[in-house]
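I have placed the structure first, in the form of structure tokens, so that the comments after it can refer back to it.
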Amino acid sequence: MLQAFSLEGKVAAVTGATRGIGRSIAIALAEAGADIALLQRDQERQNVKQEIEKLGRRCEIILCDLENETQVKEAIPTVVAKFGTIDILVNNAGIQRRSPAVDFSEADWDEVINVNLKTVWLLCQQAGKFMVPNKKGKIINLASLLSYQGGFTVPAYAAAKGGVAQLTKALSNEWAQHNVNVNAIVPGYIATDMNEALIKDETRNRQILERIPAGRWGQADDFKGAVVYLASDASNYVNGHLLAVDGGWLGR
């Protein structure tokens with residue numbers, strides 16, 4: 001049974017893997033046997049690449065600034081050119097902008113929608129162009145609790161993550177017949193840089209913890225099992241699913 005979770009011989013591309021959830025995801029995929037393409041904006045941050053190579057896996061940094069549409073469109077073809085294939089794509093990277101809706105700037109709106117939704121679509125599309133004809137592949141998007149809930153002062157983020165959830169289902173409907181599984185992971189409240197302000201706010205932190213049945217903030221490593229499952233043969237009949245890793249938040 002454990003062999004179904006093995007990623008030996010697979011190639012995985014991951015965005016936003018220099019820290020936080022993305023780093024844990026990339027490390028987990030490598031620990032399960034995959035070689036890794038890190039899609040990142042520069043070559044300077046080598047720490048995750050070095051960690052993966054210490055595991056005995058191949059790792060390459062592919063330049064992909066998510067605000068550079070040309071690089072985004074070239075990223076997956078570059079992965080295929082370097083590795084000969086792509087078996088797994090994880091769209092993890094994202095940004096956040098907070099402001100009351102009446103004051104939310106058009107520039108912030110466009111930036112969040114482009115990075116959190118349009119680039120996810122473009123990378124999925126490019127991966128699909130390779131995976132669909134080859135009749136195999138796993139695409140894992142990172143959605144959000146705000147794929148279900150509206151949140152406060154984050155209209156663009158909520159709109160983008162709602163879009164990611166629906167995009168995941170739409171692509172799954174088309175590509176499941178070609179043995180390409182498209183699913184999403186839904187993080188709850190996770191102790192990462194993006195939530196640093198909430199963690200430091202004693203009142204909000206207490207309110208959040210009281211709402212989480214597990215009684216704690218999630219950690220980046222809590223995503224390791226979920227991503228390996230969705231990337232492996234163990235999930236071959238799982239399509240268009242949004243897997244919550246949230247300590248029970250959505251179930252409450």
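Just remember, in the structure tokens the first chain shown is A, the second B, etc., residues are 1-based per chain, and ligands are 1-based in the order shown.
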Excluding range 18-31 of chain A and residues on its chain fewer than 3 positions from it, collect all residues at most 9 Å away from it, counting only C-alpha atoms, and give them as a compact mmCIF listing (two decimals) with C-alpha atoms, in the first residue's frame.
# COMPACT_ATOMS: atom_id res chain seq x y z
CA LEU A 7 6.81 9.70 -6.04
CA GLU A 8 9.99 7.98 -7.24
CA ALA A 12 7.22 18.24 -9.50
CA ALA A 13 7.10 22.01 -10.09
CA VAL A 14 6.25 24.19 -7.09
CA THR A 15 5.66 27.95 -6.83
CA ALA A 34 10.27 13.41 -6.63
CA ASP A 35 12.78 15.67 -8.33
CA ILE A 36 11.81 19.31 -7.89
CA ALA A 37 11.63 22.41 -10.08
CA LEU A 38 11.37 25.50 -7.90
CA GLN A 40 10.82 31.43 -8.11
CA ARG A 45 17.49 32.10 -2.47
CA GLN A 46 19.17 28.70 -2.63
CA ASN A 47 18.28 27.31 0.81
CA VAL A 48 15.40 25.06 -0.27
CA LYS A 49 17.32 23.83 -3.32
CA GLU A 51 17.81 21.06 1.38
CA ILE A 52 16.31 19.05 -1.46
CA GLU A 53 19.69 18.12 -2.90
CA LEU A 55 17.86 14.40 0.25
CA GLY A 56 19.49 13.01 -2.89
CA ARG A 57 16.96 14.52 -5.27
CA ARG A 58 17.60 16.71 -8.29
CA CYS A 59 16.47 20.31 -7.88
CA VAL A 90 1.69 22.77 -7.15
CA ASN A 91 0.41 26.35 -7.38
CA ASN A 92 1.22 27.56 -3.89
CA ALA A 93 2.44 31.16 -4.23
CA ILE A 190 -1.42 28.73 9.52
CA ALA A 191 1.50 30.24 11.45
CA THR A 192 3.32 31.80 8.48
CA ASP A 193 4.62 35.26 7.61
CA GLN A 219 2.12 24.61 10.96
CA ALA A 220 3.64 24.45 7.49
CA ASP A 221 4.58 20.78 7.96
CA ASP A 222 0.90 19.93 8.45
CA PHE A 223 0.63 20.03 4.64
CA LYS A 224 3.19 17.34 3.92
CA GLY A 225 0.82 14.38 4.07
CA VAL A 227 0.27 17.15 -0.77
CA VAL A 228 1.98 13.77 -1.09
CA ALA A 231 0.43 14.08 -5.86
Determine, counting only C-alpha atoms, which protein, DNA and RNA residues have an atom within 10 Å of an atom of range 141-148 of chain A; residues of the same chain fewer than 6 positions away are not included. Present the result as a compact mmCIF listing (two decimals) with C-alpha atoms, in the first residue's frame.
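That gives us out_15.txt:
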# COMPACT_ATOMS: atom_id res chain seq x y z
CA ILE A 21 3.84 26.17 3.32
CA GLY A 22 5.57 26.09 -0.08
CA LEU A 89 2.34 21.05 -10.48
CA VAL A 90 1.69 22.77 -7.15
CA ASN A 91 0.41 26.35 -7.38
CA ASN A 92 1.22 27.56 -3.89
CA ALA A 93 2.44 31.16 -4.23
CA GLY A 94 0.16 34.05 -3.40
CA ASN A 116 -3.39 34.67 -7.07
CA LEU A 117 -5.69 33.70 -9.93
CA VAL A 120 -2.63 29.88 -11.46
CA TRP A 121 -4.71 29.61 -14.62
CA CYS A 124 -2.38 25.08 -15.10
CA VAL A 154 -9.59 41.32 1.73
CA PRO A 155 -11.99 41.60 -1.22
CA TYR A 157 -7.96 37.86 -2.03
CA ALA A 158 -11.42 36.39 -1.39
CA ALA A 159 -12.40 36.86 -5.03
CA ALA A 160 -9.16 35.26 -6.25
CA LYS A 161 -9.34 32.27 -3.92
CA GLY A 162 -12.99 31.73 -4.77
CA GLY A 163 -11.86 31.70 -8.37
CA VAL A 164 -9.10 29.18 -7.64
CA ALA A 165 -11.66 26.79 -6.15
CA GLN A 166 -13.94 27.05 -9.18
CA LEU A 167 -11.03 26.86 -11.62
CA THR A 168 -9.90 23.66 -9.92
CA VAL A 182 -6.82 18.56 -10.53
CA ASN A 183 -7.48 19.19 -6.84
CA ALA A 184 -6.86 21.89 -4.26
CA ILE A 185 -5.68 22.16 -0.68
CA VAL A 186 -7.53 24.59 1.58
CA PRO A 187 -5.26 25.94 4.34
CA GLY A 188 -6.81 27.13 7.56
CA TYR A 189 -5.09 29.58 9.89
CA VAL A 227 0.27 17.15 -0.77
CA LEU A 242 -10.91 20.78 -2.07
CA LEU A 243 -9.03 19.17 0.83
CA ALA A 244 -9.19 21.32 3.95
CA VAL A 245 -6.16 21.32 6.23
CA ASP A 246 -7.67 23.63 8.81
CA TRP A 249 -12.41 25.27 11.13
CA LEU A 250 -14.82 24.62 8.25
Need the shell around Gly137 in chain A: protein/DNA/RNA residues with any atom at most 9 Å away, counting only C-alpha atoms. Skip same-chain ones fewer than 6 positions apart. Format as number ranges by chain? A: 86-89, 127-128, 130-131, 178-182, 231
Keeping only N, CA and C atoms, write those residues as a short mmCIF file (atom, residue, chain, number, x, y, z; two decimals), in the first residue's frame.
data_model
loop_
_atom_site.label_atom_id
_atom_site.label_comp_id
_atom_site.auth_asym_id
_atom_site.auth_seq_id
_atom_site.Cartn_x
_atom_site.Cartn_y
_atom_site.Cartn_z
N ILE A 86 6.94 16.72 -16.83
CA ILE A 86 6.40 17.28 -15.59
C ILE A 86 5.22 16.40 -15.19
N ASP A 87 5.26 15.90 -13.97
CA ASP A 87 4.22 15.01 -13.47
C ASP A 87 3.30 15.69 -12.46
N ILE A 88 3.83 16.70 -11.77
CA ILE A 88 3.10 17.33 -10.67
C ILE A 88 3.32 18.83 -10.74
N LEU A 89 2.25 19.59 -10.60
CA LEU A 89 2.34 21.05 -10.48
C LEU A 89 1.62 21.46 -9.20
N ALA A 127 0.67 23.41 -18.02
CA ALA A 127 0.86 22.03 -17.57
C ALA A 127 -0.11 21.11 -18.27
N GLY A 128 -1.36 21.56 -18.43
CA GLY A 128 -2.37 20.75 -19.11
C GLY A 128 -2.00 20.44 -20.54
N PHE A 130 0.78 19.75 -21.65
CA PHE A 130 1.71 18.63 -21.65
C PHE A 130 1.06 17.37 -21.07
N MET A 131 0.33 17.54 -19.96
CA MET A 131 -0.22 16.38 -19.25
C MET A 131 -1.36 15.70 -20.00
N HIS A 178 -8.67 12.28 -18.89
CA HIS A 178 -7.32 12.08 -19.43
C HIS A 178 -6.33 11.67 -18.35
N ASN A 179 -6.83 11.23 -17.19
CA ASN A 179 -5.99 10.81 -16.07
C ASN A 179 -5.13 11.95 -15.51
N VAL A 180 -5.64 13.16 -15.64
CA VAL A 180 -5.01 14.32 -15.01
C VAL A 180 -5.91 14.75 -13.85
N ASN A 181 -5.39 14.61 -12.65
CA ASN A 181 -6.15 14.94 -11.44
C ASN A 181 -5.88 16.39 -11.05
N VAL A 182 -6.94 17.17 -10.96
CA VAL A 182 -6.82 18.56 -10.53
C VAL A 182 -7.60 18.71 -9.23
N ALA A 231 -0.55 14.18 -4.78
CA ALA A 231 0.43 14.08 -5.86
C ALA A 231 0.70 12.64 -6.29
#
re CA of Ile61 in chain A and CA of Gln43 in chain A: distance 6.7 Å
Just list the residues in range 160-222 of chain A DSSP gives alpha helix (DSSP H) on the backbone, as a PyMOL selection string. chain A and resi 160-175+196-200+202-211
